[in-house]
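To start, the structure under review is shown below, and the notes come after it.
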Amino acid sequence: MSTATDDRYNALEKIIKKLGYEKNALLEVLHNAQGIFGYLGLDTLKFIAKRLQLPYSKVYGVATFYSNFRLKPKGRHNIVVCAGTACHIKGADKILQKIEQRYGIKAGETTSDEALSLLTARCVGTCSIAPVIVFDEDIKANVSLENPLCDIEESIK
Amino acid sequence: MITSIEELQELAQIKKSQNDANPREIEIDMTSNFYTKQTRIVLENEGIIDPEDIEDYIAHDGYIPLFKVLDEMSPKDVIEELKISGLRGRGGGGYPAGLKWESVSKVQSEQKYIICNGDEGDPGAFMDRAVMESDPHRVLEGMAIAGFACGADKGYIYIRAEYPIAVKRLTRAIKQATKLGILGQNIAQSGFGFTIEIRLGAGAFVCGEGTALIASIEGGRGHPRQKPPHLSDHGLWGKPTILNNVETFANIAPIIKNGGEWFKSIGTQNSSGTKVFALSGHIKNTGLVEVPMGTTLRELVYDIGGGVEDGRKFKAIQSGGPSGGCIPEHLLDLEVDYESLKEVDSIMGSGGLIVMDDSSNMVEIARFFMDFCANESCGKCTPCRVGTTQLTGLLDKFIAKEATKHDFTLLKEMCLVVKSTSLCGLGQTAPNPVLSTIKYFEDEYLAGICDD
Ligand SMILES: Cc1cc2nc3c(=O)[nH]c(=O)nc-3n(C[C@H](O)[C@H](O)[C@H](O)COP(=O)(O)O)c2cc1C
Ligand code: SF4
Ligand code: FES
């Protein structure tokens, strides 16, 4: 689809305009673009570079520096395994291993049917109920090491 | 619009009587050891006020300190009070807040900035999140007072994107305060104006470091730069800038309200006030606790934390996150403050305390933090970029029990090289967990050596 006829690009253009085409609003623009598209494709990054009159290399460099920005689409569902200290000492690596084995993907990857993306986080800020995983938007507390997916496996389609 | 302290007090009275008529249910049991051992200043409103209602904050004496400052005090008075209080930065370094503010207030400049560091990067710490979510106005109030004291009219809060509720509540709080004229131009007809904007981080630990945070707000990669120039001369957009942590700002209004002497009387000689700790790990009662500086680790772990869970044996307590250390059992009677923690080769850091039982392997914990630093290294300087990766690899050899005596010497030497030659705090402190575990748990390293 060309950028001119794609509504999502129009939405992004509006935001960039609202931010005054400011070069230093790059992070804001990237956050917004990821909100609109779900990820930051190379075309999107090129579009942003053009509109902010920044070198593409700079936009690409910033987008890849920060771990919250994704350059590939994510799956329909999302599991984030917290790998912070509190979760780590409560066995987060075992949880991650179990999920990796079950779906045949590594952290940072998406299943081939795009049903599930698996991610890790530095700490989701709920250390008192560790170990924690975040399924889509929900925080799951005190996750079982033996069967970490017990109540969510059904919903992953 | 509220234009005077009288109007603010009137609003507080109205809301107070409304609150008395419909008391909010408070679900916490304040009589348990977990609470009675605590002293709550920063968290005094947590769970008590409605964080989405500015009037509730005002009914609990909120914004009265700000109006008092604007009415009765000069910037100099504010800084003097802060210096008397002895408040030190809660983000890790422990630099006296009064001195920081004073140096920026003395710099001549048309434009200055106040930045609140809400990046809360240490894995295993969630104090700032709790403050921002449960009492957002307290942070705004502290920042506005800083603005007045230093001559800044613009503030930014840099929050990690992983904290959507904090972002939402702070955004709402800024809107409400602006609507009432508590933020904005000419607050309380004093001639002083202050506005606050939120900036989102994007998942880079190093962006908690001051110069990297500023690079990030300016829209670039979060690369730290060499200091000096310090932020107090050359901060955001090259202008004089105050950067303080969320919890530091949260202490400002109570200090103005009760006086610097009051604050100074809490805690220890060199570290006044309280500290919020995030207790987690192998411990019965997990959660946030706020105690006077100087409380012993034993009180924290046993009286408040209820001891190690599942009847296992205590092994160590980790403080200071990836820049900190592991403190063994024989030091549990340590009275916690900035200096005492340094003496045992750890640091206060932001306040994460992680208890580990006897099932934990200390080399593995050291490796965990080193791997974290290797992943989060921004790559700008070689000792950190290469060193942290090399150190992780060396630690792997100890864990696999394939290390040699030479590896042990190399490990220790490399730690010192990375510490002394890295550009920013991340690299300079990355070896700390290794050095502290070598100091207290050397036998676990020796057990990984195979060429005896
Ligand atoms: C790698 C690194 C990460 C940091 N992360 C944070 C952080 O997440 N939050 C914070 O308040 N300070 C952090 N700091 C400390 C800040 O650089 C700075 O000292 C602090 O925000 C100043 O505020 P304070 O004086 O109120 O503590 C970090 C420092 C380094 C070197
Ligand atoms: S010490 Fe590490 S994080 Fe800091 S500037 Fe050097 S490479 Fe970057
Ligand atoms: S370490 Fe997992 S929530 Fe903090």
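Lettering and numbering for the structure tokens are positional, with chains as A, B, ... in the shown order, residues counted from 1 in each chain, and ligands counted from 1 in the shown order.
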Using only C-alpha atoms and all ligand atoms, what are the residues with an atom within 8 Å of ligand 1, set out as a PyMOL selection string? chain B and resi 88-97+100+116-122+205-211+243-249+350+424-427+429
Dump as a ChimeraX atom specification the residues of chain A that approach chain B to within 6 Å, counting only C-alpha atoms. /A:24-27,62,66-68,84-86,122-123,125,127-128
Nearby residues (only C-alpha atoms) at most 8 Å from Ile54 (chain B), same-chain spacing under 5 positions excluded, as a list in words: His137, Ala173, Gln176 and Ala177 of chain B
When you draw a straight line from CA of Trp237 (chain B) to CA of Ala188 (chain B), how long is it in Å?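 Answer for the CA of Trp237 (chain B) to CA of Ala188 (chain B) separation: 28.9 Å.
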So that I can check the surroundings of Lys342 (chain B), please list as a PyMOL selection string every protein, DNA and RNA residue that reaches within 12 Å of it, counting only C-alpha atoms and ignoring chain neighbours fewer than 2 positions away. chain B and resi 92-94+319-320+323-327+334-340+344-349+432+436
Have a look at CA of Lys140 (chain A) and CA of Arg76 (chain A) and let me know their distance in Å, one decimal. 18.2 Å
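Going from CA of Ala83 (chain A) to CA of Leu391 (chain B) covers 19.7 Å.
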